[in-house]
Every structure is written in C-alpha cells, then in structure tokens.
$ cat target-v7.txt   # compact mmCIF, C-alpha atoms
# COMPACT_ATOMS: atom_id res chain seq x y z
CA MET A 86 8.33 -9.11 -20.70
CA LYS A 87 10.40 -10.79 -23.38
CA GLU A 88 12.43 -13.94 -23.86
CA SER A 89 16.19 -13.87 -23.45
CA GLU A 90 19.10 -16.21 -22.78
CA THR A 91 17.85 -16.63 -19.21
CA VAL A 92 14.07 -16.35 -19.65
CA GLU A 93 11.81 -18.75 -21.58
CA PHE A 94 8.03 -18.49 -22.19
CA LYS A 95 5.65 -21.37 -22.89
CA LYS A 96 2.01 -20.85 -23.81
CA SER A 97 0.70 -23.96 -22.04
CA LEU A 98 1.71 -27.06 -20.12
CA ALA A 99 1.53 -28.97 -23.39
CA ASP A 100 5.04 -27.55 -23.92
CA LEU A 101 6.36 -28.98 -20.64
CA LYS A 102 8.95 -31.24 -22.30
CA ALA A 103 10.31 -28.36 -24.39
CA GLY A 104 10.32 -26.24 -21.23
CA LEU A 105 12.52 -28.79 -19.45
CA ALA A 106 14.97 -28.63 -22.37
CA SER A 107 15.08 -24.84 -21.89
CA ILE A 108 15.88 -25.29 -18.20
CA ALA A 109 18.85 -27.56 -19.06
CA ALA A 110 20.04 -25.18 -21.79
CA ILE A 111 19.90 -22.10 -19.56
CA LEU A 112 21.64 -23.88 -16.68
CA ASN A 113 24.47 -25.05 -18.98
CA LYS A 114 25.00 -21.49 -20.21
CA HIS A 115 24.22 -19.22 -17.26
CA GLY A 116 23.58 -21.34 -14.15
CA ARG A 117 20.21 -19.71 -13.39
CA GLY A 118 17.04 -18.54 -15.10
CA GLU A 119 13.24 -18.50 -15.32
CA LEU A 120 10.67 -20.60 -17.17
CA TRP A 121 7.09 -19.25 -17.47
CA PHE A 122 3.93 -21.10 -18.45
CA GLY A 123 0.89 -19.16 -19.65
CA ILE A 124 2.85 -16.55 -21.63
CA ARG A 125 3.24 -16.51 -25.41
CA SER A 126 6.65 -16.20 -27.04
CA ASP A 127 5.90 -12.52 -27.82
CA GLY A 128 5.55 -11.84 -24.07
CA LYS A 129 1.76 -11.54 -23.93
CA ALA A 130 0.16 -13.31 -20.95
CA VAL A 131 -2.64 -15.69 -21.96
CA GLY A 132 -2.96 -17.49 -18.63
CA LEU A 133 -3.85 -21.11 -17.84
CA ASP A 134 -5.85 -23.15 -15.37
CA ALA A 135 -3.52 -24.11 -12.54
CA THR A 136 -3.90 -25.60 -9.08
CA GLU A 137 -1.50 -26.66 -6.36
CA LYS A 138 -1.44 -30.09 -8.02
CA THR A 139 -0.29 -28.46 -11.25
CA LEU A 140 2.68 -26.92 -9.44
CA ARG A 141 3.52 -30.30 -7.86
CA ASP A 142 3.32 -32.01 -11.26
CA ILE A 143 5.84 -29.53 -12.70
CA SER A 144 8.21 -30.02 -9.76
CA GLN A 145 7.97 -33.80 -10.12
CA ALA A 146 8.62 -33.62 -13.88
CA ILE A 147 11.75 -31.54 -13.22
CA ALA A 148 12.94 -33.99 -10.57
CA ALA A 149 12.33 -36.96 -12.89
CA HIS A 150 13.83 -35.62 -16.12
CA ILE A 151 16.53 -33.03 -15.22
CA GLU A 152 20.01 -34.29 -14.29
CA ALA A 153 21.92 -33.23 -12.21
CA LYS A 154 19.29 -32.57 -9.59
CA ILE A 155 18.01 -29.05 -9.06
CA TYR A 156 15.45 -27.68 -6.62
CA PRO A 157 13.43 -25.01 -8.42
CA HIS A 158 11.00 -22.54 -6.90
CA VAL A 159 7.61 -23.08 -8.64
CA THR A 160 4.98 -20.40 -7.96
CA LEU A 161 1.67 -19.17 -9.30
CA GLU A 162 1.90 -15.54 -10.50
CA THR A 163 -0.62 -13.08 -11.90
CA ILE A 164 0.49 -11.26 -15.07
CA ASP A 165 -1.89 -8.73 -16.66
CA GLY A 166 -4.72 -10.23 -14.63
CA ARG A 167 -4.02 -13.78 -15.85
CA ALA A 168 -2.74 -16.77 -13.89
CA CYS A 169 0.75 -17.88 -14.95
CA ILE A 170 3.31 -20.27 -13.50
CA LYS A 171 6.86 -19.16 -12.80
CA VAL A 172 9.69 -21.68 -12.40
CA ALA A 173 12.83 -20.04 -10.96
CA PHE A 174 15.85 -22.35 -11.02
CA GLU A 175 19.56 -22.35 -10.30
CA GLY A 176 22.39 -24.89 -10.49
CA HIS A 177 26.13 -25.09 -11.06
CA GLU A 178 26.76 -28.81 -11.58
CA THR A 179 27.08 -28.69 -15.38
CA PRO A 180 26.40 -30.38 -17.64
CA TYR A 181 22.62 -30.59 -17.13
CA TYR A 182 20.49 -33.01 -19.15
CA SER A 183 16.81 -33.04 -20.05
CA HIS A 184 15.42 -36.48 -20.91
CA GLY A 185 19.01 -37.68 -21.31
CA ARG A 186 20.11 -34.91 -23.71
CA ALA A 187 22.26 -31.84 -23.09
CA TYR A 188 21.34 -28.44 -24.48
CA MET A 189 22.93 -24.98 -24.67
CA ARG A 190 21.08 -21.66 -24.67
CA VAL A 191 21.83 -19.47 -27.71
CA ALA A 192 19.82 -16.21 -27.69
CA ASP A 193 16.26 -17.47 -27.05
CA GLU A 194 16.82 -20.93 -28.59
CA ASP A 195 17.80 -24.27 -27.08
CA ARG A 196 20.39 -26.16 -29.14
CA GLN A 197 21.28 -29.77 -28.48
CA LEU A 198 24.99 -30.17 -27.78
CA SER A 199 27.18 -32.36 -29.98
CA ALA A 200 29.48 -34.93 -28.39
CA LYS A 201 32.47 -32.57 -28.89
CA GLU A 202 30.65 -29.60 -27.34
CA LEU A 203 29.57 -31.75 -24.41
CA GLU A 204 33.17 -32.88 -23.91
CA LYS A 205 34.33 -29.25 -23.78
CA LEU A 206 31.63 -28.43 -21.24
CA ILE A 207 32.72 -31.29 -19.00
CA LEU A 208 36.38 -30.32 -19.30
CA ALA A 209 35.57 -26.70 -18.50
CA LYS A 210 33.68 -27.78 -15.39
CA ASN A 211 36.60 -29.88 -14.21
CA SER A 212 39.36 -27.58 -15.43
CA ASP A 213 40.67 -26.83 -11.95
CA ARG A 214 40.76 -30.50 -11.03
CA LEU A 215 42.33 -31.52 -14.35
CA ARG A 216 45.04 -28.85 -14.43
CA TRP A 217 48.46 -30.45 -14.34
CA ASP A 218 50.13 -27.72 -12.32
CA ASN A 219 47.44 -28.03 -9.65
CA GLY A 220 47.85 -31.80 -9.30
CA ILE A 221 49.40 -33.58 -6.32
CA CYS A 222 53.14 -34.17 -6.63
CA ARG A 223 55.03 -37.27 -5.48
CA MET A 224 57.80 -35.16 -3.95
CA ALA A 225 57.90 -33.90 -0.38
CA VAL A 226 59.07 -30.54 0.94
CA GLY A 227 62.39 -32.17 1.87
CA ASP A 228 63.08 -32.84 -1.81
CA LEU A 229 63.12 -29.12 -2.58
CA ASP A 230 66.24 -26.95 -2.69
CA GLU A 231 65.84 -24.62 0.26
CA GLY A 232 68.27 -22.09 -1.22
CA LYS A 233 66.23 -21.75 -4.40
CA LEU A 234 63.04 -21.49 -2.38
CA LYS A 235 64.45 -18.82 -0.09
CA ARG A 236 65.74 -16.70 -2.99
CA PHE A 237 62.38 -16.90 -4.73
CA VAL A 238 60.46 -15.93 -1.57
CA GLU A 239 62.71 -12.92 -1.02
CA ARG A 240 62.38 -11.90 -4.67
CA ALA A 241 58.59 -12.14 -4.32
CA GLY A 242 58.69 -9.86 -1.27
CA LEU A 243 57.46 -12.49 1.19
CA GLY A 244 58.83 -13.18 4.65
CA TRP A 245 60.94 -16.33 5.17
CA ASP A 246 60.67 -18.68 8.12
CA THR A 247 60.53 -22.34 7.02
CA ALA A 248 60.37 -24.16 3.70
CA ALA A 249 56.97 -25.66 4.57
CA ASN A 250 55.50 -22.23 5.34
CA ALA A 251 57.06 -20.81 2.17
CA VAL A 252 55.37 -23.31 -0.15
CA GLU A 253 52.14 -22.74 1.76
CA LYS A 254 52.37 -18.99 1.15
CA LEU A 255 53.07 -19.59 -2.53
CA GLY A 256 49.97 -21.74 -2.91
CA LEU A 257 51.99 -24.87 -3.70
CA PHE A 258 50.61 -26.97 -0.83
CA ARG A 259 47.24 -28.73 -0.58
CA ASP A 260 46.11 -31.22 2.05
CA GLY A 261 49.67 -31.47 3.30
CA LYS A 262 51.06 -32.39 -0.12
CA LEU A 263 53.12 -30.53 -2.72
CA LEU A 264 51.57 -29.56 -6.04
CA ASN A 265 53.21 -30.30 -9.40
CA ALA A 266 54.30 -26.71 -9.96
CA ALA A 267 56.63 -26.77 -6.93
CA PRO A 268 59.44 -29.02 -8.29
CA LEU A 269 59.53 -27.11 -11.57
CA PHE A 270 60.91 -24.14 -9.63
CA PHE A 271 62.60 -25.65 -6.59
CA ALA A 272 63.56 -29.34 -7.05
CA LYS A 273 67.10 -30.29 -6.03
CA ALA A 274 67.51 -32.55 -9.06
CA ALA A 275 67.01 -30.88 -12.44
CA PRO A 276 63.32 -31.50 -13.21
CA MET A 277 63.23 -30.35 -16.85
CA GLU A 278 65.17 -30.33 -20.11
CA LEU A 279 65.54 -27.72 -22.84
CA ARG A 280 66.67 -28.68 -26.34
CA CYS A 281 68.54 -26.16 -28.49
CA ALA A 282 69.99 -26.51 -31.98
CA VAL A 283 71.59 -24.39 -34.72
CA PHE A 284 70.99 -25.40 -38.34
CA GLY A 285 73.18 -24.54 -41.31
CA THR A 286 70.35 -23.76 -43.72
CA THR A 287 66.70 -22.73 -43.65
CA ASP A 288 65.59 -26.29 -42.82
CA SER A 289 66.69 -29.00 -40.40
CA ALA A 290 68.81 -30.99 -42.89
CA MET A 291 72.17 -29.79 -41.49
CA ILE A 292 72.81 -29.48 -37.75
CA ILE A 293 75.74 -27.26 -36.82
CA ASP A 294 75.31 -27.36 -33.05
CA ARG A 295 73.03 -29.12 -30.59
CA HIS A 296 72.83 -28.61 -26.86
CA ASP A 297 70.49 -30.24 -24.33
CA ILE A 298 70.26 -28.32 -21.06
CA GLN A 299 68.81 -29.55 -17.76
CA GLY A 300 67.63 -27.35 -14.92
CA ASP A 301 64.66 -25.81 -13.18
CA ILE A 302 62.22 -23.61 -15.05
CA LEU A 303 63.94 -20.30 -14.21
CA GLU A 304 67.38 -21.63 -15.17
CA LEU A 305 66.13 -22.92 -18.52
CA ILE A 306 64.54 -19.60 -19.42
CA GLU A 307 67.89 -17.87 -18.88
CA GLU A 308 69.80 -20.57 -20.80
CA ALA A 309 67.41 -20.41 -23.75
CA GLN A 310 67.88 -16.66 -24.04
CA LYS A 311 71.68 -16.93 -23.76
CA TYR A 312 71.80 -19.63 -26.42
CA VAL A 313 69.92 -17.49 -28.93
CA LEU A 314 71.87 -14.31 -28.22
CA LYS A 315 75.26 -16.00 -28.58
CA THR A 316 74.23 -17.37 -31.99
CA ILE A 317 72.37 -14.56 -33.78
CA HIS A 318 74.02 -11.41 -35.14
CA ILE A 319 74.62 -8.50 -32.78
CA GLY A 320 74.88 -4.97 -34.14
CA MET A 321 75.72 -1.82 -32.26
CA ARG A 322 74.73 1.78 -31.84
CA LEU A 323 76.23 4.66 -29.92
CA ASP A 324 74.46 6.06 -26.88
CA GLY A 325 76.47 9.16 -26.14
CA LEU A 326 80.04 7.93 -25.72
CA TYR A 327 79.05 4.33 -25.07
CA ARG A 328 78.51 1.40 -27.41
CA VAL A 329 75.18 -0.43 -27.03
CA ASP A 330 74.71 -3.93 -28.46
CA VAL A 331 71.65 -4.32 -30.69
CA PRO A 332 70.70 -7.95 -31.44
CA GLU A 333 68.91 -8.60 -34.74
CA ILE A 334 65.91 -9.89 -32.72
CA SER A 335 64.39 -7.80 -29.93
CA VAL A 336 65.52 -9.15 -26.55
CA GLU A 337 62.19 -8.15 -24.96
CA ALA A 338 60.15 -10.04 -27.55
CA LEU A 339 62.48 -13.05 -27.46
CA ARG A 340 62.38 -13.30 -23.68
CA GLU A 341 58.59 -12.99 -23.58
CA ALA A 342 58.24 -15.80 -26.13
CA ILE A 343 60.54 -18.06 -24.09
CA ILE A 344 58.66 -17.37 -20.84
CA ASN A 345 55.35 -18.04 -22.59
CA ALA A 346 56.66 -21.36 -23.89
CA PHE A 347 57.31 -22.56 -20.33
CA CYS A 348 54.16 -20.96 -18.91
CA HIS A 349 51.69 -22.35 -21.40
CA ARG A 350 53.21 -25.66 -22.51
CA ASP A 351 51.32 -28.90 -21.93
CA TYR A 352 53.25 -30.58 -19.10
CA ARG A 353 51.40 -33.85 -19.67
CA ASP A 354 53.22 -34.12 -23.00
CA PRO A 355 56.70 -35.65 -22.43
CA ASP A 356 58.25 -33.55 -25.22
CA TYR A 357 60.52 -30.57 -24.50
CA VAL A 358 60.55 -26.84 -25.09
CA GLN A 359 62.83 -26.34 -28.10
CA VAL A 360 64.90 -23.47 -29.48
CA ALA A 361 65.68 -23.92 -33.19
CA ILE A 362 67.98 -21.39 -34.89
CA PHE A 363 67.95 -21.39 -38.69
CA LYS A 364 69.69 -19.13 -41.19
CA ASP A 365 66.53 -17.12 -41.77
CA ARG A 366 64.64 -17.40 -38.45
CA VAL A 367 64.61 -18.37 -34.77
CA GLU A 368 61.79 -20.62 -33.56
CA ILE A 369 60.60 -21.12 -29.97
CA ARG A 370 58.52 -24.31 -29.80
CA ASN A 371 56.47 -25.72 -26.95
CA PRO A 372 54.35 -28.88 -26.75
CA GLY A 373 50.64 -28.18 -26.53
CA GLY A 374 48.59 -26.20 -29.01
CA LEU A 375 46.71 -23.01 -28.26
CA PHE A 376 44.56 -23.39 -25.16
CA GLY A 377 40.91 -22.64 -24.48
CA GLY A 378 39.77 -22.21 -28.08
CA LEU A 379 42.27 -19.45 -28.86
CA THR A 380 43.32 -18.96 -32.47
CA VAL A 381 46.37 -17.30 -34.05
CA ALA A 382 44.07 -14.45 -35.13
CA ASP A 383 43.08 -13.95 -31.48
CA LEU A 384 46.75 -13.66 -30.52
CA ARG A 385 47.38 -11.00 -33.15
CA ARG A 386 44.50 -8.94 -31.80
CA GLY A 387 46.37 -8.80 -28.50
CA HIS A 388 45.24 -8.49 -24.87
CA VAL A 389 44.05 -12.10 -24.89
CA SER A 390 44.93 -14.34 -21.98
CA LYS A 391 44.01 -18.03 -21.75
CA ARG A 392 46.17 -19.83 -19.22
CA ARG A 393 46.72 -23.57 -19.36
CA ASN A 394 48.80 -23.46 -16.15
CA PRO A 395 47.45 -20.66 -13.91
CA LEU A 396 49.51 -21.70 -10.90
CA ILE A 397 52.79 -21.57 -12.88
CA CYS A 398 51.77 -18.21 -14.33
CA GLU A 399 51.02 -16.95 -10.83
CA MET A 400 54.52 -17.98 -9.73
CA PHE A 401 56.03 -15.92 -12.55
CA ARG A 402 53.78 -13.00 -11.69
CA ARG A 403 55.02 -13.03 -8.11
CA ILE A 404 58.56 -12.28 -9.31
CA HIS A 405 57.37 -9.84 -12.00
CA MET A 406 58.26 -12.01 -15.00
CA VAL A 407 54.69 -11.92 -16.33
CA GLU A 408 51.62 -9.79 -15.68
CA THR A 409 48.03 -10.77 -14.94
CA TRP A 410 46.67 -8.61 -17.76
CA GLY A 411 47.82 -10.73 -20.72
CA ARG A 412 50.24 -8.13 -22.10
CA GLY A 413 52.77 -10.70 -23.31
CA MET A 414 51.57 -10.98 -26.90
CA PRO A 415 51.14 -7.20 -27.38
CA LEU A 416 54.73 -6.80 -26.12
CA ILE A 417 56.01 -9.33 -28.68
CA LEU A 418 54.01 -7.73 -31.50
CA LYS A 419 55.16 -4.25 -30.56
CA ASN A 420 58.85 -5.17 -30.64
CA GLU A 421 58.69 -7.72 -33.50
CA PRO A 422 55.69 -6.85 -35.71
CA GLN A 423 56.66 -9.47 -38.33
CA VAL A 424 56.66 -12.35 -35.83
CA GLN A 425 54.86 -15.48 -37.04
CA PHE A 426 52.68 -17.77 -34.89
CA LYS A 427 52.06 -21.34 -36.02
CA GLU A 428 50.37 -24.42 -34.62
CA ILE A 429 51.53 -27.74 -36.07
CA ALA A 430 50.63 -31.18 -34.67
CA GLU A 431 49.90 -29.83 -31.16
CA ILE A 432 53.18 -27.87 -31.19
CA PHE A 433 52.93 -24.08 -30.81
CA ILE A 434 55.70 -22.17 -32.61
CA VAL A 435 56.77 -18.54 -32.35
CA SER A 436 59.01 -17.67 -35.30
CA PHE A 437 61.21 -14.54 -35.43
CA GLY A 438 62.73 -13.59 -38.80
CA ARG A 439 66.47 -12.84 -38.93
CA PRO A 440 67.19 -9.57 -40.77
CA SER A 441 70.79 -10.66 -41.34
CA PHE A 442 69.55 -13.38 -43.71
CA SER A 443 67.56 -10.94 -45.83
CA GLU A 444 70.49 -8.52 -45.87
CA ALA A 445 72.84 -11.32 -46.97
CA ILE A 446 70.54 -12.22 -49.86
CA THR A 447 70.29 -8.57 -50.87
CA ASP A 448 74.09 -8.15 -50.70
CA ALA A 449 74.65 -11.32 -52.75
CA LYS A 450 72.16 -10.16 -55.37
CA THR A 451 73.85 -6.76 -55.49
CA VAL A 452 77.26 -8.39 -56.00
CA THR A 453 75.85 -10.62 -58.76
CA ASP A 454 74.13 -7.70 -60.47
CA ASN A 455 77.27 -5.58 -60.24
CA ALA A 456 79.40 -8.40 -61.66
CA ALA A 457 77.00 -8.85 -64.55
CA LYS A 458 76.98 -5.12 -65.26
CA GLU A 459 80.77 -5.00 -65.08
CA SER A 460 81.10 -7.95 -67.50
CA ALA A 461 78.67 -6.39 -69.96
CA GLN A 462 80.49 -3.08 -69.73
CA LYS A 463 83.85 -4.75 -70.40
CA ARG A 464 82.44 -6.56 -73.44
CA GLN A 465 81.04 -3.30 -74.73
CA GLU A 466 84.35 -1.48 -74.21
CA LEU A 467 86.25 -4.30 -75.95
CA GLY A 468 83.84 -4.14 -78.89
CA GLU A 469 84.18 -0.37 -79.06
CA ARG A 470 87.97 -0.55 -79.00
CA LEU A 471 88.01 -3.27 -81.63
CA GLY A 472 85.50 -1.35 -83.67
CA GLU A 473 87.65 1.76 -83.47
CA LYS A 474 90.71 -0.24 -84.62
CA LEU A 475 89.00 -2.12 -87.38
CA GLY A 476 86.20 0.27 -88.25
CA GLU A 477 87.93 1.87 -91.17
CA LYS A 478 89.41 -1.42 -92.39
CA LEU A 479 86.27 -3.56 -91.85
CA GLY A 480 83.42 -1.21 -92.50
CA GLU A 481 80.32 -0.68 -90.34
CA THR A 482 78.53 -4.02 -90.98
CA ARG A 483 81.61 -6.15 -90.32
CA SER A 484 82.39 -4.18 -87.15
CA ARG A 485 78.83 -4.77 -85.86
CA ILE A 486 79.14 -8.50 -86.62
CA VAL A 487 82.37 -8.62 -84.57
CA ASN A 488 80.66 -6.77 -81.69
CA LEU A 489 77.78 -9.27 -81.70
CA MET A 490 80.26 -12.15 -81.50
CA ILE A 491 82.05 -10.49 -78.58
CA GLU A 492 78.76 -10.03 -76.72
CA ASN A 493 77.63 -13.61 -77.40
CA ALA A 494 80.10 -16.18 -78.74
CA GLN A 495 77.21 -18.58 -79.54
CA VAL A 496 75.26 -16.05 -81.64
CA THR A 497 73.84 -17.62 -84.82
CA ILE A 498 73.85 -16.26 -88.38
CA PRO A 499 70.01 -15.87 -88.41
CA GLU A 500 70.19 -13.95 -85.10
CA MET A 501 72.85 -11.60 -86.49
CA ALA A 502 70.82 -11.10 -89.66
CA GLU A 503 67.76 -10.17 -87.61
CA LYS A 504 69.65 -7.74 -85.35
CA LEU A 505 71.46 -6.03 -88.25
CA ASP A 506 68.37 -6.12 -90.50
CA VAL A 507 70.19 -7.76 -93.43
CA SER A 508 69.87 -11.12 -95.14
CA THR A 509 71.62 -14.29 -93.92
CA THR A 510 73.46 -14.40 -97.27
CA ALA A 511 74.94 -10.95 -96.59
CA ILE A 512 76.02 -12.09 -93.08
CA GLU A 513 77.69 -15.24 -94.50
CA LYS A 514 79.53 -13.12 -97.10
CA GLN A 515 80.86 -10.72 -94.44
CA ILE A 516 81.87 -13.62 -92.16
CA THR A 517 83.92 -15.16 -95.01
CA ILE A 518 85.74 -11.85 -95.45
CA LEU A 519 86.41 -11.59 -91.69
CA LYS A 520 87.79 -15.13 -91.65
CA ASN A 521 90.08 -14.37 -94.58
CA LYS A 522 91.36 -11.27 -92.78
CA ALA A 523 92.07 -13.48 -89.68
CA VAL A 524 89.75 -11.29 -87.56
CA ILE A 525 87.50 -14.19 -86.45
CA ARG A 526 87.38 -17.94 -86.57
CA ARG A 527 84.80 -20.65 -85.92
CA VAL A 528 85.61 -23.11 -83.12
CA GLY A 529 83.69 -26.43 -83.22
CA PRO A 530 80.78 -27.47 -85.47
CA ASP A 531 78.05 -25.22 -86.80
CA LYS A 532 75.75 -26.53 -84.08
CA GLY A 533 77.30 -26.36 -80.62
CA GLY A 534 80.38 -24.42 -81.61
CA HIS A 535 81.23 -20.77 -80.99
CA TRP A 536 82.88 -17.73 -82.51
CA GLU A 537 86.31 -16.51 -81.42
CA VAL A 538 87.47 -12.95 -82.10
CA LEU A 539 91.20 -12.99 -82.72
CA LYS A 540 93.49 -10.29 -81.36
$ encode --input "target-v7.txt" --output "structure tokens"
Amino acid sequence: MKESETVEFKKSLADLKAGLASIAAILNKHGRGELWFGIRSDGKAVGLDATEKTLRDISQAIAAHIEAKIYPHVTLETIDGRACIKVAFEGHETPYYSHGRAYMRVADEDRQLSAKELEKLILAKNSDRLRWDNGICRMAVGDLDEGKLKRFVERAGLGWDTAANAVEKLGLFRDGKLLNAAPLFFAKAAPMELRCAVFGTTDSAMIIDRHDIQGDILELIEEAQKYVLKTIHIGMRLDGLYRVDVPEISVEALREAIINAFCHRDYRDPDYVQVAIFKDRVEIRNPGGLFGGLTVADLRRGHVSKRRNPLICEMFRRIHMVETWGRGMPLILKNEPQVQFKEIAEIFIVSFGRPSFSEAITDAKTVTDNAAKESAQKRQELGERLGEKLGEKLGETRSRIVNLMIENAQVTIPEMAEKLDVSTTAIEKQITILKNKAVIRRVGPDKGGHWEVLK
C-alpha cells in the first residue's frame, strides 16, 4: 500500500484534522478517495485501538467539518494483522471545505487553495450553467426565420417537419424556451455586427475603407472572408490549361481563423469581431481572451481544444464547418506557418503576414541600390573620360584630384591629402593650378561650399 492522489494514510486519530483536509483536497481533485488511520505514510500498518464509538466519532467529525455534505463509508479493516480504519468517500459538489478552508490534492500533499484558484474551481463547476450560448433567450420560435432554419436542418442531414421540432433536434430548446445560440443562426432581424477596415499603413493612423456588416453568424463569416479576399493581392498559377487564383494568404487558414473568432468569442462582451487589413498584415480579432487556461504556446503545439461556446461549436460541426477533434489550429499552422497569435486586453488576435508587403520593400530596396550603383558608375565613367582628356595636360595627381571632386563635391583638402597620400600644401598647390587652367572652381565659402568641375 502507498499514498497517492486518491489515498491518504494517517498513523493515528491524533491526525484527524489533517485527515479531514485530505478528504476535501481529494474530493476537489478527483471526486472520490480513501483515508486510512493506523497506517504510516510509508504504507506500513501500525494499527490502533478502535471501537464502534471510534467509527461514529469519525463520521460525526466529517459531518461537522466537511462542506458540502458527504456520506462516507467508515469501516474497521485488518491490515497485516493490525486493526486499521478505512474511510471511503465520494462527492461531486465541489468545492469542498474542511474547517472552512478549501484544499487541492497535488501528488500526496494537500495544498490550500488561493482565492483565485477557488474562483476557478467554482466557475468550472458551474461552467455549463454559466455558458452564454446555453442560456435562456428572450426570443420565441416565432421570431426565427423558418427559411434559414430549414436550410440549416437540411444541410445537417436532419428531417424537417416544424420549426419547433427543428430547434429541439438541434439542442436549442430547454424547458420550452430558446437558448441564446438559436438567434445567432436563425433570427429574422440581423443579430450581430462585423466591423471591417482597410488601413493605408502598418498602423491604424490612416483609414482607407471601413465597412460595418450586419447579419447572422453564417452570413458574417462569408462576408468577412469576401472582404479580405477582395482587398489582398491575388496571384495566379496554371493548372493544365486553366488559370487558378492564388491569394497571398491561404484561404483555408483565413477561413478557419474567421470561424474560430465567431466560435470562441465572448458573447457577453458587447464588442464586435473585427477584420483589420494593414499594408503588412491581416488581423482577425475577437473579444474574449484565450479560454480555459490556454496559452499561445499551447495553440502552437496544436491539437488543443478548449471551447468557450460548446453549443455554437456543435452547430458548426453539424454542417461540417468545424470538427470535434480540435484540428482548427493545426490547419492554420500547416497553411500559414508564420501566423502570429496575440492576446491584448482580453482581445484575441490572429495575424497573417502579407508577402506582398515584404516583396514591395525588397523591390524598393533593389531599385534604390541599383540607382545608387548606376550613379556611382556614371561618376566613375565621367572621371575616367575627364582623366583621359586631361591626363596628359594635368598630370596624374591633378587628374586624381578632379576625380575626387566629381565623386564628392564637398570633399575637403585634408580628405584629398589623406586619400592621395600627399601633404595638404601639395593639394592646395595643385588646386591653384587647376583653377588657373579653368578646370575647377570653388562655389561658396570654404566651409559649406562645394567644388564644381568645369566642362
């Protein structure tokens, strides 16, 4: 025998209070377990003196100090010929408290929960009740668009008879009332809004176009995709004799990101799903950070599925827009490996880079580099031609001085002396000769002026 996350040993009844903490910790983690008295922590039975009253005292202590109430099975057992007490317990009304404190089982230890950890435990317990998509809606079946409902049911492969039976089959009805997910898909009046914008730079300083679109959840997914595809660059490739359009961002990855934004957004937040198109990237933003303790690193590992709105996700699964196996993120990463995920102020952002922007920068740099090379080459050719014309008349040093002035009209006498490895006096003497021959002239003062080579 040995201790584990569901089994705790106590040597004697002097450890009863600590044993009750173990019961609360195990219940909060696993919902069931065993507490033994008369066994050391190493698993060796040492036994204890126990009577029927002892068993009743343990049961009464559990009833008095464990909340919520549990009804354990307390028995006297013989282990290695020694009398021990076994307390088998079970409960699923978390959180459980011992003497007013909540604990969590970690390996074979009982750790007291912080206020934040306790809050998470309570929220996890009530997650189904607290889910927005599972909440009761104010609308009635008569407020739904029967045409939309019928098309969805047929697409899902279900039989159609009446609108009321259809929402029942789809799991959108409880106690005779519609659930919040229903109007997102089928309301007559547009229940949602999508905000799209195109910006002229890599930030939001300049808006080129803005479009707010209203509709149901399926309509907005289509509109978001159309808006991006009509704005970004579209290339082409040949497939046999036919031209195939190739957008700069994978359509599969883009569509998956848009669907995820509507699936996993926080519908209690009044903000909107947004599509922001910049010069260098496209961002899909949805209100509500990552759910259920997920991190960006978890997303990049793939095959992770934490659903804030399971009922909405189930609706998409019925019409094959998502899968139950959490393959959305791997699909995005496969088609757009450089995609960026960010979480800022409870807004989750999927950012796709635009290759056209990088190519434009590369092309501009190439043009600039080519222009610079061409200019330098022209200056060199001019110097060579001038040197050839004046070489015999000017001599080598004077020709090199003229070439330096052609390359840099602001070149100074000390700089020329250093490059030609002669004294400044020698440079000044040669410049005087060149001025007298009307080959060069000085324009402006000594400081701030420049040389001009005369034709």
$ residues_around --input "target-v7.txt" --residues "Arg385 in chain A" --least-positions-apart "5" --cutoff "8 Å" --atoms "only C-alpha atoms" --output "list in words"
Met414, Pro415 and Leu418 of chain A
$ closest_residue --input "target-v7.txt" --among "A:Glu333, A:Gln359, A:Leu489, A:Leu264" --to "His296 in chain A" --atoms "only C-alpha atoms"
A:Gln359
$ closest_atom_pairs --input "target-v7.txt" --of "range 107-151 of chain A" --to "range 169-181 of chain A" --cutoff "6 Å" --atoms "all atoms listed in the file" --output "JSON lines"
{"residue": "A:Ala109", "atom": "CA", "partner": "A:Tyr181", "partner_atom": "CA", "distance": 5.2}
{"residue": "A:Asn113", "atom": "CA", "partner": "A:Thr179", "partner_atom": "CA", "distance": 5.7}
{"residue": "A:Gly116", "atom": "CA", "partner": "A:Gly176", "partner_atom": "CA", "distance": 5.2}
{"residue": "A:Arg117", "atom": "CA", "partner": "A:Glu175", "partner_atom": "CA", "distance": 4.1}
{"residue": "A:Gly118", "atom": "CA", "partner": "A:Phe174", "partner_atom": "CA", "distance": 5.7}
{"residue": "A:Glu119", "atom": "CA", "partner": "A:Ala173", "partner_atom": "CA", "distance": 4.6}
{"residue": "A:Leu120", "atom": "CA", "partner": "A:Val172", "partner_atom": "CA", "distance": 5.0}
{"residue": "A:Trp121", "atom": "CA", "partner": "A:Lys171", "partner_atom": "CA", "distance": 4.7}
{"residue": "A:Phe122", "atom": "CA", "partner": "A:Ile170", "partner_atom": "CA", "distance": 5.1}
{"residue": "A:Gly123", "atom": "CA", "partner": "A:Cys169", "partner_atom": "CA", "distance": 4.9}
{"residue": "A:Gly132", "atom": "CA", "partner": "A:Cys169", "partner_atom": "CA", "distance": 5.2}
$ atom_distance --input "target-v7.txt" --atom1 "CA of Glu428 in chain A" --atom2 "CA of Thr287 in chain A"
18.7 Å
$ atom_distance --input "target-v7.txt" --atom1 "CA of Glu421 in chain A" --atom2 "CA of Ile362 in chain A"
16.6 Å
$ residues_around --input "target-v7.txt" --residues "Cys281 in chain A" --least-positions-apart "4" --cutoff "12 Å" --atoms "all atoms listed in the file" --output "list in words"
Ile292, Ile293, Asp294, Arg295, His296, Asp297, Ile298, Gln299, Leu305, Ile306, Glu308, Ala309, Gln310, Lys311, Tyr312, Val313, Thr316, Tyr357, Val358, Gln359, Val360, Ala361, Ile362, Phe363, Val367, Glu368, Ile369 and Arg370 of chain A
$ atom_distance --input "target-v7.txt" --atom1 "CA of Lys210 in chain A" --atom2 "CA of Ile434 in chain A"
28.5 Å
$ decode --input "target-v7.txt" --residues "range 261-273 of chain A" --atoms "C-alpha atoms" --output "compact mmCIF listing (two decimals), in the first residue's frame"
# COMPACT_ATOMS: atom_id res chain seq x y z
CA GLY A 261 -39.89 25.17 -23.69
CA LYS A 262 -37.59 28.14 -24.23
CA LEU A 263 -34.99 29.02 -26.87
CA LEU A 264 -31.31 29.13 -25.96
CA ASN A 265 -29.04 32.07 -26.82
CA ALA A 266 -27.30 30.23 -29.65
CA ALA A 267 -30.52 29.99 -31.69
CA PRO A 268 -30.91 33.65 -32.80
CA LEU A 269 -27.24 33.85 -33.78
CA PHE A 270 -28.02 31.43 -36.60
CA PHE A 271 -31.71 31.92 -37.34
CA ALA A 272 -33.07 35.31 -36.14
CA LYS A 273 -35.17 37.25 -38.65
